[in-house]
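Engineer: Sharing target.txt, compact mmCIF, C-alpha atoms:
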# COMPACT_ATOMS: atom_id res chain seq x y z
CA MET A 1320 18.10 -12.90 -3.79
CA ALA A 1321 20.03 -15.13 -1.38
CA ILE A 1322 22.98 -12.73 -1.67
CA ALA A 1323 20.71 -9.82 -0.75
CA VAL A 1324 19.39 -11.71 2.29
CA PHE A 1325 22.87 -12.59 3.59
CA ALA A 1326 24.08 -9.04 3.03
CA LEU A 1327 20.97 -7.86 4.96
CA ILE A 1328 21.91 -10.11 7.91
CA LEU A 1329 25.56 -9.11 7.95
CA THR A 1330 25.47 -5.31 7.50
CA ARG A 1331 25.25 -3.09 10.53
CA ASN A 1332 24.73 0.14 8.59
CA LEU A 1333 20.98 0.78 8.53
CA PHE A 1334 21.13 2.85 5.34
CA SER A 1335 22.50 -0.06 3.35
CA VAL A 1336 19.99 -2.36 5.07
CA ILE A 1337 17.14 -0.20 3.71
CA VAL A 1338 18.62 -0.14 0.20
CA LEU A 1339 19.17 -3.91 0.31
CA SER A 1340 15.59 -4.56 1.39
CA GLY A 1341 14.44 -2.42 -1.55
CA ILE A 1342 16.55 -4.61 -3.85
CA TYR A 1343 15.06 -7.71 -2.21
CA SER A 1344 11.54 -6.37 -2.88
CA PHE A 1345 12.29 -5.78 -6.55
CA LEU A 1346 13.71 -9.30 -6.92
CA MET A 1347 10.61 -10.64 -5.18
CA ALA A 1348 8.46 -8.70 -7.66
CA THR A 1349 10.27 -10.30 -10.61
CA ILE A 1350 9.70 -13.73 -9.10
CA LEU A 1351 5.98 -12.92 -8.76
CA VAL A 1352 5.88 -11.84 -12.42
CA ALA A 1353 7.50 -15.16 -13.34
CA LEU A 1354 4.74 -16.90 -11.35
CA ASP A 1355 2.11 -14.98 -13.38
CA ALA A 1356 0.88 -13.02 -10.34
CA VAL A 1357 1.18 -9.59 -11.98
CA ASP A 1358 -1.17 -7.82 -9.57
CA VAL A 1359 0.82 -8.97 -6.55
CA ALA A 1360 4.09 -8.11 -8.29
CA MET A 1361 2.85 -4.59 -8.92
CA THR A 1362 1.89 -4.21 -5.26
CA GLU A 1363 5.23 -5.59 -4.11
CA ALA A 1364 7.19 -3.26 -6.37
CA SER A 1365 5.24 -0.13 -5.44
CA VAL A 1366 4.74 -0.79 -1.72
CA GLY A 1367 7.74 -2.94 -0.79
CA ALA A 1368 10.36 -1.25 -2.91
CA GLY A 1369 8.85 2.21 -3.30
CA ILE A 1370 6.83 3.56 -0.39
CA SER A 1371 8.32 1.53 2.44
CA THR A 1372 11.87 2.41 1.36
CA VAL A 1373 10.99 6.10 1.44
CA LEU A 1374 9.23 5.79 4.82
CA LEU A 1375 12.12 3.80 6.30
CA LEU A 1376 14.57 6.44 5.08
CA GLY A 1377 12.37 9.07 6.72
CA ALA A 1378 12.45 7.08 9.95
CA LEU A 1379 16.22 6.66 9.64
CA HIS A 1380 16.50 10.43 9.49
CA LEU A 1381 15.12 10.47 13.05
CA CYS A 1382 17.49 7.92 14.58
CA LYS A 1383 21.10 6.72 14.46
CA SER A 1384 22.31 5.03 11.29
CA LYS A 1385 24.17 2.20 13.06
CA GLU A 1386 22.40 -0.88 14.36
CA ALA A 1387 22.97 -1.34 18.11
CA LYS A 1388 24.96 -4.34 19.26
CA PRO A 1389 22.62 -7.20 20.21
CA VAL A 1390 22.10 -7.62 23.95
CA HIS A 1391 21.32 -11.35 23.90
CA LYS A 1392 23.00 -14.32 22.26
CA PRO A 1393 21.30 -15.09 18.93
CA TRP A 1394 21.07 -18.89 19.41
CA LEU A 1395 17.49 -19.23 20.68
CA PRO A 1396 15.85 -16.98 18.00
CA LEU A 1397 18.09 -18.63 15.38
CA ALA A 1398 16.92 -22.10 16.47
CA VAL A 1399 13.26 -20.99 16.40
CA SER A 1400 13.49 -19.45 12.92
CA VAL A 1401 15.53 -22.32 11.45
CA SER A 1402 13.11 -24.93 12.81
CA THR A 1403 10.08 -22.93 11.56
CA GLY A 1404 11.70 -22.64 8.14
CA ALA A 1405 12.45 -26.38 8.10
CA LEU A 1406 8.81 -27.12 9.03
CA LEU A 1407 7.56 -24.89 6.19
CA VAL A 1408 9.88 -26.56 3.67
CA TYR A 1409 8.73 -29.97 4.94
CA GLY A 1410 5.11 -28.85 4.52
CA ALA A 1411 5.80 -27.53 1.03
CA PHE A 1412 6.78 -31.05 -0.06
CA GLY A 1413 3.18 -32.10 0.66
CA LEU A 1414 1.72 -29.46 -1.69
CA PRO A 1415 0.52 -30.45 -5.18
CA GLU A 1416 2.63 -29.54 -8.21
CA PHE A 1417 2.59 -25.82 -9.18
CA ASP A 1418 0.67 -26.28 -12.46
CA ASP A 1419 -1.44 -29.29 -11.43
CA PRO A 1420 -5.05 -28.69 -12.62
CA ALA A 1421 -6.36 -31.35 -10.23
CA ALA A 1422 -5.01 -29.53 -7.15
CA PRO A 1423 -7.66 -29.01 -4.44
CA ILE A 1424 -7.45 -25.21 -4.74
CA HIS A 1425 -8.78 -25.42 -8.31
CA GLN A 1426 -11.72 -27.62 -7.39
CA ASN A 1427 -13.89 -25.65 -4.96
CA VAL A 1428 -14.68 -22.00 -5.70
CA VAL A 1429 -12.36 -21.32 -8.63
CA PRO A 1430 -14.68 -22.84 -11.30
CA ARG A 1431 -17.35 -20.34 -10.24
CA TYR A 1432 -14.86 -17.45 -10.35
CA MET A 1433 -13.82 -18.56 -13.83
CA GLN A 1434 -17.42 -18.58 -15.10
CA ASN A 1435 -17.09 -14.87 -14.41
CA GLU A 1436 -20.66 -13.72 -14.00
CA THR A 1437 -19.33 -10.21 -13.34
CA ASP A 1438 -17.90 -10.01 -16.90
CA VAL A 1439 -14.74 -8.29 -15.70
CA PRO A 1440 -11.77 -9.56 -17.75
CA ASN A 1441 -9.26 -9.37 -14.89
CA VAL A 1442 -10.33 -12.17 -12.55
CA VAL A 1443 -8.15 -10.83 -9.74
CA THR A 1444 -10.12 -7.58 -9.69
CA ALA A 1445 -13.42 -9.48 -9.86
CA VAL A 1446 -12.45 -11.69 -6.92
CA LEU A 1447 -11.10 -8.81 -4.83
CA ALA A 1448 -13.84 -6.28 -5.41
CA SER A 1449 -16.91 -8.42 -6.00
CA PHE A 1450 -16.72 -12.04 -4.85
CA ARG A 1451 -14.74 -11.10 -1.76
CA GLY A 1452 -15.97 -7.56 -1.31
CA TYR A 1453 -16.23 -8.00 2.45
CA ASP A 1454 -12.55 -8.94 2.69
CA THR A 1455 -11.50 -5.88 0.75
CA LEU A 1456 -13.76 -3.66 2.85
CA GLY A 1457 -12.01 -5.09 5.89
CA GLU A 1458 -8.61 -4.42 4.35
CA THR A 1459 -9.51 -0.84 3.55
CA THR A 1460 -10.70 -0.42 7.13
CA VAL A 1461 -7.36 -1.81 8.34
CA VAL A 1462 -5.47 0.77 6.25
CA PHE A 1463 -7.79 3.50 7.57
CA THR A 1464 -7.30 2.35 11.17
CA ALA A 1465 -3.52 2.31 10.75
CA GLY A 1466 -3.61 5.85 9.38
CA ALA A 1467 -5.95 7.06 12.12
CA GLY A 1468 -3.78 5.47 14.81
CA LEU A 1469 -0.69 7.09 13.37
CA ILE A 1470 -2.39 10.49 13.27
CA ALA A 1471 -3.45 10.07 16.89
CA LEU A 1472 0.05 9.02 17.97
CA LEU A 1473 2.16 11.54 16.10
CA ARG A 1474 0.01 14.64 16.05
CA ARG A 1475 -0.45 15.08 19.77
CA ARG A 1476 3.12 16.04 20.45
CA LYS A 1477 3.16 18.53 17.62
CA LYS A 1478 0.10 20.30 19.04
CA ALA A 1479 1.28 20.13 22.65
CA ALA A 1480 4.49 22.03 21.93
CA PRO A 1481 3.00 25.41 20.92
CA GLU A 1482 0.44 25.17 23.74
CA GLY A 1483 3.20 24.65 26.32
CA ALA A 1484 5.16 27.51 24.82
CA ARG A 1485 2.12 29.78 25.03
CA ARG A 1486 1.56 28.91 28.67
CA LYS A 1487 5.17 29.70 29.46
CA GLY A 1488 4.74 33.04 27.76
CA GLU A 1489 1.62 33.81 29.81
CA ALA A 1490 3.33 32.92 33.08
CA MET B 1114 18.30 17.16 -1.96
CA SER B 1115 15.70 19.82 -2.75
CA ASN B 1116 18.44 22.05 -4.19
CA ASP B 1117 19.51 19.58 -6.87
CA LEU B 1118 18.59 21.18 -10.18
CA VAL B 1119 18.64 17.96 -12.23
CA LEU B 1120 16.34 16.18 -9.78
CA ARG B 1121 13.93 19.11 -9.66
CA VAL B 1122 13.62 19.37 -13.43
CA ILE B 1123 13.37 15.62 -14.00
CA GLY B 1124 10.89 15.37 -11.14
CA ARG B 1125 8.68 18.02 -12.69
CA LEU B 1126 8.81 16.20 -16.01
CA LEU B 1127 8.07 12.78 -14.55
CA ILE B 1128 5.33 13.53 -12.03
CA PRO B 1129 2.50 14.09 -14.56
CA PHE B 1130 3.31 10.74 -16.13
CA ILE B 1131 3.42 9.01 -12.75
CA LEU B 1132 -0.02 10.41 -11.87
CA LEU B 1133 -1.36 9.52 -15.33
CA PHE B 1134 -0.04 5.99 -14.92
CA ALA B 1135 -1.79 5.83 -11.54
CA LEU B 1136 -5.08 6.79 -13.18
CA TYR B 1137 -4.48 4.18 -15.90
CA VAL B 1138 -3.85 1.52 -13.25
CA GLN B 1139 -6.99 2.66 -11.43
CA PHE B 1140 -9.43 2.68 -14.34
CA HIS B 1141 -7.89 -0.12 -16.37
CA GLY B 1142 -7.86 -2.42 -13.35
CA ASP B 1143 -10.87 -4.28 -14.73
CA PHE B 1144 -8.93 -5.33 -17.81
CA GLY B 1145 -5.26 -5.44 -16.89
CA PRO B 1146 -3.28 -5.81 -13.71
CA GLY B 1147 -3.87 -3.19 -11.07
CA GLY B 1148 -6.68 -1.69 -9.09
CA GLY B 1149 -7.42 0.72 -6.31
CA PHE B 1150 -4.66 -0.28 -3.93
CA GLN B 1151 -1.87 -0.10 -6.49
CA ALA B 1152 -3.21 3.14 -7.96
CA GLY B 1153 -3.44 4.74 -4.52
CA VAL B 1154 0.15 3.81 -3.74
CA ILE B 1155 1.36 5.16 -7.10
CA ILE B 1156 -0.48 8.48 -6.57
CA ALA B 1157 1.11 8.78 -3.13
CA ALA B 1158 4.52 7.83 -4.55
CA GLY B 1159 4.28 10.52 -7.21
CA LEU B 1160 3.38 13.18 -4.65
CA ILE B 1161 6.11 11.99 -2.26
CA PHE B 1162 8.59 12.27 -5.13
CA PHE B 1163 7.38 15.84 -5.59
CA ALA B 1164 7.87 16.40 -1.86
CA LEU B 1165 11.40 15.00 -1.96
CA THR B 1166 12.48 17.26 -4.80
CA HIS B 1167 10.54 20.43 -3.95
CA GLY B 1168 10.08 20.24 -0.18
CA VAL B 1169 7.08 19.06 1.82
CA ASN B 1170 5.58 22.52 2.20
CA THR B 1171 5.19 22.88 -1.57
CA VAL B 1172 3.16 19.66 -1.65
CA ARG B 1173 1.17 20.81 1.39
CA LYS B 1174 0.00 23.77 -0.70
CA VAL B 1175 -1.25 21.40 -3.42
CA VAL B 1176 -2.65 18.71 -1.11
CA PRO B 1177 -3.28 20.32 2.28
CA ASP B 1178 -3.55 18.32 5.50
CA TRP B 1179 -7.32 18.64 5.83
CA LEU B 1180 -7.75 17.20 2.33
CA VAL B 1181 -5.48 14.24 3.11
CA GLU B 1182 -7.34 13.50 6.34
CA THR B 1183 -10.67 13.76 4.54
CA MET B 1184 -9.38 11.34 1.92
CA VAL B 1185 -8.37 8.82 4.62
CA ALA B 1186 -11.89 8.68 5.99
CA SER B 1187 -13.94 9.24 2.85
CA GLY B 1188 -12.45 6.24 1.02
CA VAL B 1189 -13.81 3.84 3.61
CA LEU B 1190 -17.12 5.72 3.56
CA ILE B 1191 -17.36 5.41 -0.25
CA TYR B 1192 -16.75 1.67 0.01
CA ALA B 1193 -19.29 1.22 2.79
CA GLY B 1194 -21.67 3.51 0.89
CA VAL B 1195 -21.58 1.17 -2.10
CA GLY B 1196 -22.58 -1.61 0.29
CA LEU B 1197 -25.45 0.51 1.64
CA ALA B 1198 -26.53 1.37 -1.92
CA GLY B 1199 -26.91 -2.36 -2.51
CA LEU B 1200 -29.22 -2.50 0.52
CA LEU B 1201 -31.25 0.50 -0.69
CA PHE B 1202 -31.81 -1.05 -4.10
CA GLY B 1203 -33.18 -4.15 -2.45
CA GLY B 1204 -30.20 -6.50 -2.46
CA ASN B 1205 -27.74 -7.66 0.17
CA TYR B 1206 -24.92 -5.56 1.61
CA LEU B 1207 -22.21 -5.14 -1.07
CA ASP B 1208 -24.48 -6.76 -3.65
CA TYR B 1209 -23.60 -5.08 -6.96
CA PHE B 1210 -26.09 -6.92 -9.15
CA VAL B 1211 -28.91 -4.59 -8.11
CA LEU B 1212 -27.04 -1.34 -8.83
CA ASP B 1213 -28.19 -1.23 -12.46
CA HIS B 1214 -31.01 -2.68 -14.55
CA ASN B 1215 -28.45 -4.83 -16.25
CA PRO B 1216 -26.83 -6.97 -13.50
CA VAL B 1217 -23.47 -7.09 -15.31
CA HIS B 1218 -23.40 -3.29 -15.59
CA GLY B 1219 -24.29 -3.18 -11.90
CA GLN B 1220 -21.23 -5.29 -11.17
CA HIS B 1221 -19.04 -2.92 -13.18
CA ARG B 1222 -20.47 0.10 -11.39
CA GLY B 1223 -20.01 -1.47 -7.96
CA ILE B 1224 -16.44 -2.54 -8.64
CA PHE B 1225 -15.61 0.92 -10.02
CA TRP B 1226 -16.79 2.77 -6.92
CA VAL B 1227 -15.25 0.25 -4.56
CA GLU B 1228 -11.88 0.71 -6.27
CA VAL B 1229 -12.26 4.48 -6.06
CA GLY B 1230 -12.80 4.12 -2.31
CA VAL B 1231 -9.76 1.89 -1.85
CA ALA B 1232 -7.52 4.23 -3.87
CA THR B 1233 -8.69 7.28 -1.90
CA THR B 1234 -8.00 5.75 1.49
CA VAL B 1235 -4.68 4.18 0.53
CA SER B 1236 -3.22 7.29 -1.08
CA GLY B 1237 -4.47 9.43 1.80
CA VAL B 1238 -2.90 7.20 4.44
CA MET B 1239 0.43 6.90 2.61
CA LEU B 1240 0.66 10.68 2.13
CA LYS B 1241 -0.33 11.33 5.73
CA ILE B 1242 2.36 8.96 7.03
CA TYR B 1243 4.94 10.75 4.90
CA TYR B 1244 3.76 14.17 6.09
CA MET B 1245 4.04 12.99 9.68
CA PHE B 1246 7.59 11.73 9.29
CA ALA B 1247 8.65 14.77 7.32
CA SER B 1248 7.24 17.27 9.81
CA ARG B 1249 9.02 15.50 12.64
CA SER B 1250 12.40 15.17 11.04
CA GLY B 1251 12.68 18.73 9.75
CA LEU B 1252 12.70 17.76 6.06
CA GLU B 1253 10.34 20.65 5.44
CA ASP B 1254 12.79 23.17 4.00
How would this structure read if it were set down as C-alpha cells?

Structural biologist:
Amino acid sequence: MAIAVFALILTRNLFSVIVLSGIYSFLMATILVALDAVDVAMTEASVGAGISTVLLLGALHLCKSKEAKPVHKPWLPLAVSVSTGALLVYGAFGLPEFDDPAAPIHQNVVPRYMQNETDVPNVVTAVLASFRGYDTLGETTVVFTAGAGLIALLRRRKKAAPEGARRKGEA
Amino acid sequence: MSNDLVLRVIGRLLIPFILLFALYVQFHGDFGPGGGFQAGVIIAAGLIFFALTHGVNTVRKVVPDWLVETMVASGVLIYAGVGLAGLLFGGNYLDYFVLDHNPVHGQHRGIFWVEVGVATTVSGVMLKIYYMFASRSGLED
C-alpha cells in the first residue's frame, strides 16, 4: 500500500495515477476485510476501485493525460499535511486497544443495537436502515443532490448547442 | 474498445451474473454484508460495463435517460414515503414498528423499502454521471 502511495505521488502520467488509485482502493478493501468491516470493504471495492476508476477515466478522456507542472513550491502544503498526519498519529496513541471490550464506544448505544429488537441478523443493516434511518435518508438526499447538481451543470451546454445552431440557421 | 470481440462476448456472458449478484446483495443485505448502496453501485457498474463494451447508445435503448432521471428522484421519494407511512400508521417519522401488526415484521418491511429507495437513487445517479461524461467525450459510437 505504501508503494502504491509513493508511486501515486511520483508519477506524472494521469492514466497510471488512476490505475494506481484503483489498486490502492482494492488494498484498502482487503484491510477492511481483515478488520471485519465487510460492508465497508464491499463499498470501497465497488465505489473506490470500480465506479470512480471508470468515471476518472471518462474525465481523463476529456483532458490532457499529463499532470501540469506545479506553480508553487510544495513546502507549505507538505508541512501542513505532515503536521496533520503527525497529530492524527499522536491522537491514535490515545485510543483504546482495537479489541478492547471496555472501550467507550462499546458502552453507550452498542448494547442496545446488539439486543437487536429489529431481528435483522446483519447489525450493520439494522443500524443503517432502522436505528439511524434519518442519517441514511440524509445520505440518500446527498447522493440525489449531487446527481441533480451534475445534471444541471452538464446538461445546459448540450441543450444550448442545437438551439444556437437553429438560430443561426434562421438568421 | 467496443470493437473487441472477446470483450463483447465475455461482457454479454458476465452482465446477467453481475446484475443477479446485485439483486442478491440487495435482498440478502439483512443477513449478509451488503445493502441498498452497494447493490445500486453494482447495478450501475454492470450497466456501465455493458456501455463500455457495446457503446453508450445501446445502453440508452435499454435504460433511457428519462428512466434514469426518474430513478434518481424516485429513490429519495420511496425513502421519504416510508417515513410518511410511519406517520400515517400512527407512529413517528421513519418509525417501522407500526408498519405491520407484528412490530418485527414492520421493521423488516421498513428496512426493505428503505433499501430499495437507496439502491434506486444510487444506481440512477451513477448511471447518469456516466451518461453525462460519455455524451461529452464522444464515447457514444

Engineer: Select, from A:Met1433, A:Ile1328, A:Val1399, A:Leu1456, the residue with the minimum atom-to-atom distance to chain B, counting all atoms listed in the file.

Structural biologist: A:Leu1456

Engineer: Would you mind listing, as a PyMOL selection string, all residues of chain B that have at least one atom within 9 Å of chain A, where all atoms listed in the file are what counts?

Structural biologist: chain B and resi 1142-1148+1150-1151+1154-1155+1157-1158+1161+1182+1185-1186+1188-1189+1192-1193+1207-1210+1216-1221+1223-1225+1227-1228+1230-1231+1234-1235+1237-1239+1241-1243+1245-1250+1252

Engineer: Please indicate the distance in Å from atom CA of B:Tyr1244 to atom CA of B:Asp1178, rounded to one decimal place.

Structural biologist: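 Atom-to-atom, atom CA of B:Tyr1244 to atom CA of B:Asp1178, that is 8.4 Å.
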
Engineer: What is the distance, in Å and to one decimal place, between atom CA of A:Asp1355 and atom CA of A:Gly1367?

Structural biologist: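 Atom-to-atom, atom CA of A:Asp1355 and atom CA of A:Gly1367 are spaced 18.3 Å apart.
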
Engineer: What does the structure give for the distance between atom CA of B:Ala1135 and atom CA of B:Ile1156, in Å to one decimal?

Structural biologist: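 Taking atom CA of B:Ala1135 as the start and atom CA of B:Ile1156 as the end point, the length is 5.8 Å.
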
Engineer: Considering only C-alpha atoms, can you say which of A:Leu1397, A:Gly1404, A:Tyr1343, A:Ile1350 comes closest to A:Ile1322?

Structural biologist: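 Checking each candidate against A:Ile1322, we get A:Tyr1343 as the closest.
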
Engineer: At a cut-off of 12 Å from (17.4, -3.6, -1.0) in the coordinates of the file, what residues are picked up using only C-alpha atoms, written as a PyMOL selection string?

Structural biologist: chain A and resi 1320-1328+1330+1333-1347+1364+1367-1369+1371-1373+1375

Engineer: So which residues fall inside 12 Å of (-0.2, 12.2, -12.2) if we count only C-alpha atoms? Mind giving them as number ranges by chain?

Structural biologist: B: 1124-1139, 1152-1163

Engineer: Name the closest residue to B:Val1211 among the candidates B:Leu1240, B:Ala1164, B:Val1175, B:Leu1197; distances are taken between atoms, counting all atoms listed in the file.

Structural biologist: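 The closest residue to B:Val1211 is B:Leu1197.
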
Engineer: Hey, what's within 10 Å of stretch 1417-1422 of chain A if we count all atoms listed in the file and toss same-chain stuff fewer than 4 positions away? As a PyMOL selection string, please?

Structural biologist: chain A and resi 1354+1426-1427
